[in-house]
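Visitor: Sharing a structure here in structure tokens format.
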Amino acid sequence: MKRFLKMRWITASVLVVGAVVFFSFKSGDSRNFQIAKNLDIFNSIVKELDMFYVDTLDPNKTVREGIDAMLYSLDPYTEYYPEEDRSELEQMLKGSYGGIGSIIRYEPKLKRTVIVEPYENMPAAEVGLKAGDILLEIDGKDLAGNTDVSKILRGQVGTSFQLKVERPGETKPLDFTVVRKSIQLPFIPYYGKLDNNVGYISLSTFSGNPSKEFKKAFLDLKKQGITSLVIDLRNNGGGLLEEAVEIANFFLPRGKMIVTTKGKIKQASNSYKTLREPLDTDIPLAVLVNSGTASASEILAGALQDYDRAVIVGNRTFGKGLVQVPRTLPYGGTMKITTSKYYIPSGRCVQAIDYKHRNPDGSAGRVPDSLTTVFHTAAGREVRDGGGVTPDVAVEQEKLPNILFYLVNDNLIFNYATQYCLKHPTIASPENFEVTDADYAEFKETVKKADFKYDQQSEKILKSLKEMAEFEGYMKDASDEFKALEQKLTHNLDRDLDYFSKDIKNMIAQDIIKRYYFQRGGIIQQLKDDDDLNEAVKVLGDPAKYKEMLSAPLAKN
């Protein structure tokens with residue numbers, strides 16, 4: 001009996017001690033307890049599924065999907081890269097990879113991959129591959145039905161492979177030996193001197209080391225006698241923060257704060273100032289931006305705006321004010337994790353999407369303009385946070401016609417350009433090339449022979465409106481009006497090809513020019529009729545207006 005009571009006392013003591021340890025751990029460090037608890041639950045679920053689920057699970061796939069879902073619930077920039085995908089992350093950070101240097105596209109109708117655009121001075125272009133070439137075999141392996149040929153084309157720098165292609169206009173397949181190189185996408189696909197001594201630099205990325213190329217281009221333009229400069233950051237998705245600071249330093253004095261990062265831990269909080277003597281603090285600047293201008297691009301545009309150093313022209317930028325850093329994980333994995341937000345000189349953060357306070361359905365929405373805060377530039381101009389960088393000169397974007405989308409989507413423009421190149425070994429320079437009326441008439445015949453069908457949204461909406469009018473009893477009185485509207489909106493291919501000829505011709509010209517002059521030629525063609533550039537040149541050409549736009553607003557009496 002005494003032994004039994006002693007055992008009960010010992011058991012009770014153990015339970016009490018366990019409870020004290022448990023509750024003290026939980027109350028003293030509840031966050032660590034919750035993490036440990038949920039990791040244990042997740043581990044148990046995976047084991048139970050692996051043992052009892054009706055079908056055999058792929059553990060890598062199952063766990064990876066769980067990880068991806070967890071990370072995506074935070075923000076779309078925090079990502080996990082297992083060892084086999086690390087090259088993808090390195091490419092993102094460095095802007096380079098081992099491959100052939102070409103845009104490719106899988107064509108479902110052909111069940112083949114097609115070369116779309118070889119990059120200048122890269123292996124694909126150097127061996128003679130052309131846009132329109134259909135990839136048949138790599139090292140004797142048939143590529144039919146393979147939707148991910150890019151994985152095969154990429155590989156260790158210096159390795160080679162045999163490529164067989166089918167080329168339009170050729171009766172037999174062509175064979176090429178291609179040696180993979182480190183593919184660095186062009187930092188500055190084009191720069192040049194425009195009319196009225198206006199310099200122009202197109203900057204495509206902040207990955208790698210673009211500041212070195214930018215400096216070289218700017219100094220070259222200065223030698224050519226430019227008196228003002230346009231920096232084109234449209235569709236530049238960003239890259240390295242340090243590169244944005246370096247380029248800002250070319251136009252701002254030494255010691256200026258460009259960006260501050262603030263995170264949860266001390267290591268995530270940093271300040272970045274200009275460290276060198278500038279190249280030119282006086283030359284008038286205009287920066288072109290759009291909704292594809294993001295991250296490091298917004299740091300450069302925002303800093304130049306906050307210091308009243310440049311006029312920003314175009315459309316509101318993307319609004320990515322989050323900073324990511326890579327963290328090493330076990331088994332060769334890496335995680336790119338959002339560690340901080342960045343703040344530009346005025347003190348504002350440009351982050352537009354609020355991932356922390358999500359909607360009831362789990363979606364993340366933009367920060368409403370009504371909840372944004374007013375900040376001020378160095379001169380006292382009002383700027384706001386919470387929605388990208390708002391341009392000083394907003395340019396209304398011309399909407400492309402619906403028919404153009406379907407012409408591009410059905411590859412009719414691409415295929416016409418391929419046939420055009422077969423007939424024309426050379427063309428005029430990008431500055432002088434144009435699609436003639438005879439060329440366009442030939443293109444229209446090609447479209448008609450292809451039995452081209454396209455979706456007219458106006459016809460769909462009219463049909464829905466008629467159905468609603470009939471349902472609500474208005475059709476009888478409005479039938480004449482509907483008939484008149486139907487006649488105006490009737491699907492007429494000839495009319496639409498003529499009515500939208502300007503936009504279609506421009507797209508054809510870009511596709512053709514890039515076959516001969518690569519990206520550089522395509523940009524030159526785009527700049528011939530560029531509303532953003534025209535507005536920038538107009539501002540730069542009016543010194544009084546330029547100065548007024550960057551000065552403090554006049555006080556109201």
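Residues in the structure tokens are numbered from 1 in each chain, the chains being A, B, ... in the order shown, and ligands are numbered from 1 in the order shown.
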Can you pull out every residue from range 37-229 of chain A that DSSP, working from the backbone, puts in helix (DSSP H, G or I), and format the result as a PyMOL selection string?
Guide: chain A and resi 37-52+59-72+83-94+123-127+150-153+195-197+210-223
Visitor: Would you pick out the contacts of Ala131 in chain A at 12 Å or less, using only C-alpha atoms, so that residues sharing its chain but fewer than 3 positions from it are not included, and give the list as a ChimeraX atom specification?
Guide: /A:102-105,113-119,124-125,128,134-135,165-168,414-422,511-516,518
Visitor: Would you mind exporting the chosen residues as a compact mmCIF listing (two decimals), in the first residue's frame, restricted to N, CA, C and O atoms?
Guide:
# COMPACT_ATOMS: atom_id res chain seq x y z
N SER A 102 18.46 33.17 -77.05
CA SER A 102 17.34 33.37 -77.97
C SER A 102 16.02 33.20 -77.24
O SER A 102 15.90 32.37 -76.33
N ILE A 103 15.04 33.99 -77.65
CA ILE A 103 13.66 33.77 -77.18
C ILE A 103 13.08 32.64 -78.03
O ILE A 103 13.22 32.64 -79.25
N ILE A 104 12.45 31.67 -77.37
CA ILE A 104 11.81 30.57 -78.09
C ILE A 104 10.36 30.47 -77.67
O ILE A 104 9.98 31.00 -76.62
N ARG A 105 9.54 29.79 -78.48
CA ARG A 105 8.12 29.65 -78.16
C ARG A 105 7.63 28.30 -78.66
O ARG A 105 7.94 27.89 -79.78
N THR A 113 8.88 23.59 -80.98
CA THR A 113 9.36 24.87 -80.47
C THR A 113 10.00 25.64 -81.61
O THR A 113 10.70 25.07 -82.45
N VAL A 114 9.77 26.96 -81.62
CA VAL A 114 10.23 27.81 -82.71
C VAL A 114 11.14 28.91 -82.16
O VAL A 114 10.90 29.44 -81.07
N ILE A 115 12.19 29.24 -82.91
CA ILE A 115 13.03 30.38 -82.57
C ILE A 115 12.23 31.65 -82.86
O ILE A 115 11.73 31.84 -83.96
N VAL A 116 12.11 32.52 -81.86
CA VAL A 116 11.34 33.76 -82.03
C VAL A 116 12.26 34.96 -82.23
O VAL A 116 12.03 35.78 -83.11
N GLU A 117 13.29 35.06 -81.40
CA GLU A 117 14.18 36.22 -81.50
C GLU A 117 15.57 35.88 -80.96
O GLU A 117 15.76 35.82 -79.75
N PRO A 118 16.54 35.68 -81.85
CA PRO A 118 17.93 35.49 -81.38
C PRO A 118 18.50 36.82 -80.91
O PRO A 118 18.20 37.87 -81.48
N TYR A 119 19.33 36.77 -79.85
CA TYR A 119 19.98 37.99 -79.37
C TYR A 119 21.29 38.22 -80.12
O TYR A 119 22.01 37.28 -80.46
N ALA A 124 23.11 31.60 -80.75
CA ALA A 124 22.07 31.33 -81.75
C ALA A 124 22.28 32.17 -82.99
O ALA A 124 22.25 31.68 -84.13
N ALA A 125 22.51 33.48 -82.79
CA ALA A 125 22.72 34.38 -83.94
C ALA A 125 24.05 34.10 -84.62
O ALA A 125 24.16 34.15 -85.85
N GLY A 128 23.96 31.26 -87.00
CA GLY A 128 23.06 31.48 -88.14
C GLY A 128 21.63 31.06 -87.93
O GLY A 128 20.85 31.00 -88.90
N ILE A 134 12.29 26.06 -86.93
CA ILE A 134 11.55 25.09 -86.11
C ILE A 134 12.54 24.05 -85.60
O ILE A 134 13.25 23.41 -86.38
N LEU A 135 12.61 23.87 -84.27
CA LEU A 135 13.57 22.95 -83.67
C LEU A 135 13.07 21.51 -83.80
O LEU A 135 11.99 21.18 -83.30
N VAL A 165 17.20 21.84 -87.44
CA VAL A 165 16.03 22.70 -87.54
C VAL A 165 15.42 22.61 -88.94
O VAL A 165 16.10 22.24 -89.91
N GLU A 166 14.15 22.94 -88.98
CA GLU A 166 13.45 23.10 -90.25
C GLU A 166 13.27 24.58 -90.49
O GLU A 166 12.73 25.29 -89.64
N ARG A 167 13.75 25.05 -91.65
CA ARG A 167 13.66 26.48 -91.94
C ARG A 167 12.69 26.72 -93.09
O ARG A 167 12.82 26.11 -94.16
N PRO A 168 11.71 27.61 -92.90
CA PRO A 168 10.82 27.95 -94.00
C PRO A 168 11.61 28.38 -95.24
O PRO A 168 12.57 29.15 -95.14
N PHE A 414 4.08 37.37 -87.34
CA PHE A 414 5.36 36.66 -87.23
C PHE A 414 5.66 35.87 -88.50
O PHE A 414 6.77 35.93 -89.06
N ASN A 415 4.67 35.12 -88.99
CA ASN A 415 4.87 34.30 -90.18
C ASN A 415 5.07 35.16 -91.43
O ASN A 415 5.85 34.80 -92.32
N TYR A 416 4.36 36.30 -91.50
CA TYR A 416 4.56 37.19 -92.64
C TYR A 416 5.99 37.74 -92.64
O TYR A 416 6.64 37.83 -93.69
N ALA A 417 6.48 38.11 -91.45
CA ALA A 417 7.86 38.63 -91.35
C ALA A 417 8.87 37.58 -91.79
O ALA A 417 9.87 37.89 -92.45
N THR A 418 8.60 36.31 -91.46
CA THR A 418 9.49 35.22 -91.87
C THR A 418 9.53 35.13 -93.40
O THR A 418 10.61 35.02 -94.00
N GLN A 419 8.37 35.17 -94.03
CA GLN A 419 8.31 35.10 -95.49
C GLN A 419 8.94 36.35 -96.14
O GLN A 419 9.59 36.25 -97.17
N TYR A 420 8.75 37.48 -95.51
CA TYR A 420 9.33 38.72 -96.02
C TYR A 420 10.86 38.62 -96.07
O TYR A 420 11.50 39.04 -97.05
N CYS A 421 11.43 38.07 -94.99
CA CYS A 421 12.90 37.96 -94.92
C CYS A 421 13.45 37.00 -95.98
O CYS A 421 14.59 37.18 -96.43
N LEU A 422 12.68 36.01 -96.37
CA LEU A 422 13.13 35.08 -97.42
C LEU A 422 13.28 35.81 -98.75
O LEU A 422 14.15 35.48 -99.56
N ASP A 511 8.67 43.63 -86.15
CA ASP A 511 9.02 42.22 -86.28
C ASP A 511 10.06 42.01 -87.39
O ASP A 511 11.00 41.23 -87.24
N ILE A 512 9.88 42.73 -88.49
CA ILE A 512 10.82 42.59 -89.61
C ILE A 512 12.19 43.17 -89.23
O ILE A 512 13.23 42.54 -89.44
N ILE A 513 12.21 44.38 -88.68
CA ILE A 513 13.47 45.05 -88.36
C ILE A 513 14.31 44.23 -87.38
O ILE A 513 15.54 44.14 -87.51
N LYS A 514 13.65 43.60 -86.38
CA LYS A 514 14.40 42.82 -85.40
C LYS A 514 15.09 41.61 -86.03
O LYS A 514 16.07 41.12 -85.49
N ARG A 515 14.58 41.13 -87.18
CA ARG A 515 15.24 40.01 -87.87
C ARG A 515 16.62 40.42 -88.40
O ARG A 515 17.50 39.58 -88.53
N TYR A 516 16.78 41.71 -88.69
CA TYR A 516 18.03 42.20 -89.27
C TYR A 516 18.90 42.97 -88.28
O TYR A 516 20.13 42.92 -88.34
N PHE A 518 18.13 43.19 -84.70
CA PHE A 518 17.95 42.72 -83.33
C PHE A 518 17.18 43.74 -82.47
O PHE A 518 16.42 44.54 -82.98
Visitor: Quick one: residues within 6 Å of range 143-145 of chain A, only C-alpha atoms counted, chain neighbours fewer than 6 positions away excluded, as a list in words?
Guide: Lys111, Arg112, Leu136 and Glu137 of chain A
Visitor: Pick the closest to Asn432 in chain A from A:Ile508, A:Leu407, A:Ile524, A:Asp496: which is it, counting only C-alpha atoms?
Guide: A:Ile524
Visitor: Need to verify the contact set: range 329-331 of chain A, 8 Å, only C-alpha atoms, exclusion of same-chain residues closer than 2 positions in sequence. Can you return it as an mmCIF file with N, CA, C and O atoms, in the first residue's frame?
Guide:
data_model
loop_
_atom_site.group_PDB
_atom_site.id
_atom_site.type_symbol
_atom_site.label_atom_id
_atom_site.label_comp_id
_atom_site.auth_asym_id
_atom_site.auth_seq_id
_atom_site.Cartn_x
_atom_site.Cartn_y
_atom_site.Cartn_z
ATOM 1 N N PRO A 82 14.915 24.602 -54.666
ATOM 2 C CA PRO A 82 15.705 23.418 -54.313
ATOM 3 C C PRO A 82 17.005 23.402 -55.119
ATOM 4 O O PRO A 82 17.186 24.207 -56.050
ATOM 5 N N GLU A 83 17.877 22.487 -54.773
ATOM 6 C CA GLU A 83 19.214 22.469 -55.387
ATOM 7 C C GLU A 83 19.158 22.454 -56.910
ATOM 8 O O GLU A 83 19.919 23.151 -57.582
ATOM 9 N N ARG A 327 18.733 33.158 -48.774
ATOM 10 C CA ARG A 327 19.153 32.482 -47.540
ATOM 11 C C ARG A 327 19.418 31.012 -47.859
ATOM 12 O O ARG A 327 18.612 30.346 -48.516
ATOM 13 N N GLY A 333 19.494 23.776 -50.949
ATOM 14 C CA GLY A 333 18.401 24.670 -51.312
ATOM 15 C C GLY A 333 18.679 26.121 -50.940
ATOM 16 O O GLY A 333 19.591 26.422 -50.165
ATOM 17 N N THR A 334 17.894 27.014 -51.513
ATOM 18 C CA THR A 334 17.998 28.448 -51.219
ATOM 19 C C THR A 334 16.591 29.032 -51.153
ATOM 20 O O THR A 334 15.703 28.605 -51.889
ATOM 21 N N MET A 335 16.407 29.979 -50.269
ATOM 22 C CA MET A 335 15.131 30.679 -50.204
ATOM 23 C C MET A 335 15.376 32.165 -50.438
ATOM 24 O O MET A 335 16.235 32.776 -49.809
#
Visitor: For CA of Thr328 in chain A and CA of Asp148 in chain A, quote the distance in Å rounded to one decimal.
Guide: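 Here the two named atoms are 27.6 Å from each other.
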Visitor: Can you work out the spacing between CA of Val259 in chain A and CA of Gln305 in chain A in Å, to one decimal?
Guide: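 These atoms are spaced 12.8 Å apart.
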Visitor: Would you list the contacts of Thr317 in chain A as a CSV table (one decimal) with N, CA, C and O atoms, in the first residue's frame, taking every protein, DNA or RNA residue within 9 Å and counting only C-alpha atoms, but skipping same-chain residues closer than 4 positions in sequence?
Guide:
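Listing of part_28.csv after writing:
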chain,number,residue,atom,x,y,z
A,234,ARG,N,11.1,52.0,-68.9
A,234,ARG,CA,9.8,51.3,-69.1
A,234,ARG,C,10.1,49.8,-69.2
A,234,ARG,O,11.0,49.3,-69.9
A,289,VAL,N,8.7,56.0,-67.6
A,289,VAL,CA,8.3,54.9,-66.7
A,289,VAL,C,6.9,54.5,-67.2
A,289,VAL,O,6.1,55.2,-67.8
A,290,ASN,N,6.5,53.2,-66.8
A,290,ASN,CA,5.2,52.7,-67.0
A,290,ASN,C,4.9,51.7,-65.9
A,290,ASN,O,5.7,51.5,-65.0
A,291,SER,N,3.8,50.9,-66.1
A,291,SER,CA,3.4,50.0,-65.1
A,291,SER,C,4.4,48.8,-64.9
A,291,SER,O,4.3,48.0,-64.0
A,292,GLY,N,5.3,48.6,-65.9
A,292,GLY,CA,6.3,47.6,-65.8
A,292,GLY,C,7.6,48.0,-65.2
A,292,GLY,O,8.5,47.2,-65.1
A,293,THR,N,7.6,49.3,-64.8
A,293,THR,CA,8.8,49.8,-64.1
A,293,THR,C,8.7,49.4,-62.6
A,293,THR,O,7.8,49.9,-61.9
A,294,ALA,N,9.6,48.6,-62.1
A,294,ALA,CA,9.5,48.1,-60.8
A,294,ALA,C,10.8,48.0,-60.0
A,294,ALA,O,11.9,48.0,-60.6
A,297,SER,N,14.2,49.9,-60.4
A,297,SER,CA,13.9,51.0,-61.4
A,297,SER,C,13.1,52.1,-60.6
A,297,SER,O,13.3,53.3,-60.9
A,298,GLU,N,12.2,51.7,-59.7
A,298,GLU,CA,11.5,52.7,-59.0
A,298,GLU,C,12.3,53.5,-58.0
A,298,GLU,O,12.1,54.6,-57.6
A,350,VAL,N,7.1,52.9,-51.9
A,350,VAL,CA,6.3,52.8,-53.1
A,350,VAL,C,5.4,51.6,-53.2
A,350,VAL,O,4.7,51.4,-54.1
A,387,GLY,N,1.8,53.5,-53.8
A,387,GLY,CA,1.3,53.2,-55.1
A,387,GLY,C,2.2,53.4,-56.2
A,387,GLY,O,1.9,54.0,-57.3
A,388,GLY,N,3.5,53.1,-56.1
A,388,GLY,CA,4.5,53.3,-57.1
A,388,GLY,C,4.9,54.7,-57.2
A,388,GLY,O,4.6,55.5,-56.3
A,389,VAL,N,5.6,55.1,-58.3
A,389,VAL,CA,6.0,56.5,-58.5
A,389,VAL,C,5.0,57.1,-59.5
A,389,VAL,O,4.9,56.6,-60.6
A,390,THR,N,4.4,58.1,-59.1
A,390,THR,CA,3.5,58.8,-60.0
A,390,THR,C,4.2,59.8,-60.9
A,390,THR,O,5.0,60.6,-60.3
A,391,PRO,N,4.1,59.8,-62.2
A,391,PRO,CA,4.9,60.7,-63.1
A,391,PRO,C,4.5,62.1,-62.9
A,391,PRO,O,3.4,62.5,-62.5
Visitor: If we count only C-alpha atoms, what is near range 154-164 of chain A at a cut-off of 6 Å, once residues fewer than 3 positions away on the same chain are taken out, given as a list in words?
Guide: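 Listed by chain and then number, they are Gly98, Gly99, Leu136, Glu137, Ile138, Asp139, Lys151, Leu174, Asp175, Phe176, Thr177, Val178, Val179, Arg180, Lys181 and Ser182 of chain A.
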Visitor: Could those residues be written to a file, using N, CA and C atoms, as a short mmCIF file (atom, residue, chain, number, x, y, z; two decimals), in the first residue's frame?
Guide:
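Written output follows (selection34.cif):
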data_model
loop_
_atom_site.label_atom_id
_atom_site.label_comp_id
_atom_site.auth_asym_id
_atom_site.auth_seq_id
_atom_site.Cartn_x
_atom_site.Cartn_y
_atom_site.Cartn_z
N GLY A 98 23.87 30.01 -68.84
CA GLY A 98 24.53 29.28 -69.93
C GLY A 98 23.50 28.79 -70.92
N GLY A 99 23.58 29.25 -72.16
CA GLY A 99 22.57 28.85 -73.14
C GLY A 99 22.92 29.34 -74.53
N LEU A 136 13.88 20.68 -84.47
CA LEU A 136 13.51 19.28 -84.70
C LEU A 136 14.18 18.33 -83.73
N GLU A 137 15.52 18.44 -83.61
CA GLU A 137 16.27 17.49 -82.79
C GLU A 137 17.42 18.19 -82.06
N ILE A 138 17.73 17.70 -80.87
CA ILE A 138 18.95 18.09 -80.15
C ILE A 138 19.72 16.82 -79.85
N ASP A 139 20.95 16.74 -80.40
CA ASP A 139 21.78 15.54 -80.25
C ASP A 139 21.02 14.27 -80.63
N LYS A 151 15.01 23.91 -71.10
CA LYS A 151 15.84 23.19 -70.13
C LYS A 151 16.97 22.43 -70.82
N LEU A 174 18.29 21.74 -91.60
CA LEU A 174 19.64 22.31 -91.45
C LEU A 174 20.23 21.86 -90.13
N ASP A 175 21.53 21.60 -90.13
CA ASP A 175 22.22 21.16 -88.91
C ASP A 175 23.18 22.24 -88.43
N PHE A 176 23.21 22.44 -87.10
CA PHE A 176 24.10 23.44 -86.50
C PHE A 176 24.79 22.84 -85.29
N THR A 177 26.05 23.21 -85.10
CA THR A 177 26.76 22.89 -83.87
C THR A 177 26.77 24.15 -83.02
N VAL A 178 26.14 24.09 -81.86
CA VAL A 178 25.99 25.27 -81.01
C VAL A 178 26.78 25.08 -79.72
N VAL A 179 27.62 26.06 -79.40
CA VAL A 179 28.39 26.04 -78.15
C VAL A 179 27.74 27.03 -77.17
N ARG A 180 27.34 26.52 -76.02
CA ARG A 180 26.69 27.37 -75.02
C ARG A 180 27.67 28.41 -74.47
N LYS A 181 27.16 29.62 -74.30
CA LYS A 181 27.93 30.71 -73.72
C LYS A 181 27.19 31.25 -72.50
N SER A 182 27.89 32.05 -71.70
CA SER A 182 27.21 32.75 -70.61
C SER A 182 26.38 33.86 -71.26
#
Visitor: Hey, what's within 9 Å of range 433-437 of chain A if we count only C-alpha atoms and toss same-chain stuff fewer than 2 positions away? As a list in words, please?
Guide: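 Returned residues: Ile427, Ala428, Ser429, Pro430, Glu431, Asp439, Tyr440, Ala441, Glu442, Lys505, Asn506, Ile508, Ala509, Ile513 and Gln525 of chain A.
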Visitor: Name the closest residue to Asp75 in chain A among the candidates A:Thr227, A:Gln34, A:Ser295, A:Thr338; distances are taken between atoms, counting only C-alpha atoms.
Guide: A:Thr338
Visitor: Return as an MDAnalysis selection string the full set of residues in range 96-177 of chain A whose backbone-based DSSP assignment is strand (DSSP E or B).
Guide: chainID A and resid 96:99 102:107 112:118 134:138 141:142 160:166 174:177
Visitor: To one decimal place, how far is CA of Glu243 in chain A from CA of Gln91 in chain A in Å?
Guide: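 Value for the CA of Glu243 in chain A-CA of Gln91 in chain A distance: 16.3 Å.
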Visitor: Pull the closest atom pair for each residue of range 270-345 of chain A that gets at most 12 Å from range 533-551 of chain A, along with the distance in Å to one decimal, counting only C-alpha atoms, ordering rows by chain and then ascending residue number, as CSV.
Guide:
residue,atom,partner,partner_atom,distance
A:Asp282,CA,A:Lys547,CA,11.6
A:Ile283,CA,A:Leu540,CA,10.0
A:Pro284,CA,A:Leu540,CA,6.7
A:Leu285,CA,A:Leu540,CA,7.4
A:Ala286,CA,A:Ala536,CA,6.0
A:Val287,CA,A:Ala536,CA,7.8
A:Leu288,CA,A:Leu533,CA,7.3
A:Val289,CA,A:Leu533,CA,10.3
A:Leu304,CA,A:Leu550,CA,10.6
A:Gln305,CA,A:Leu550,CA,8.5
A:Asp306,CA,A:Leu550,CA,9.8
A:Tyr307,CA,A:Leu550,CA,9.0
A:Asp308,CA,A:Leu550,CA,5.3
A:Arg309,CA,A:Leu550,CA,7.4
A:Ala310,CA,A:Leu550,CA,7.6
A:Val311,CA,A:Leu550,CA,7.1
A:Ile312,CA,A:Ala536,CA,8.3
A:Val313,CA,A:Ala536,CA,6.3
A:Gly314,CA,A:Glu535,CA,8.5
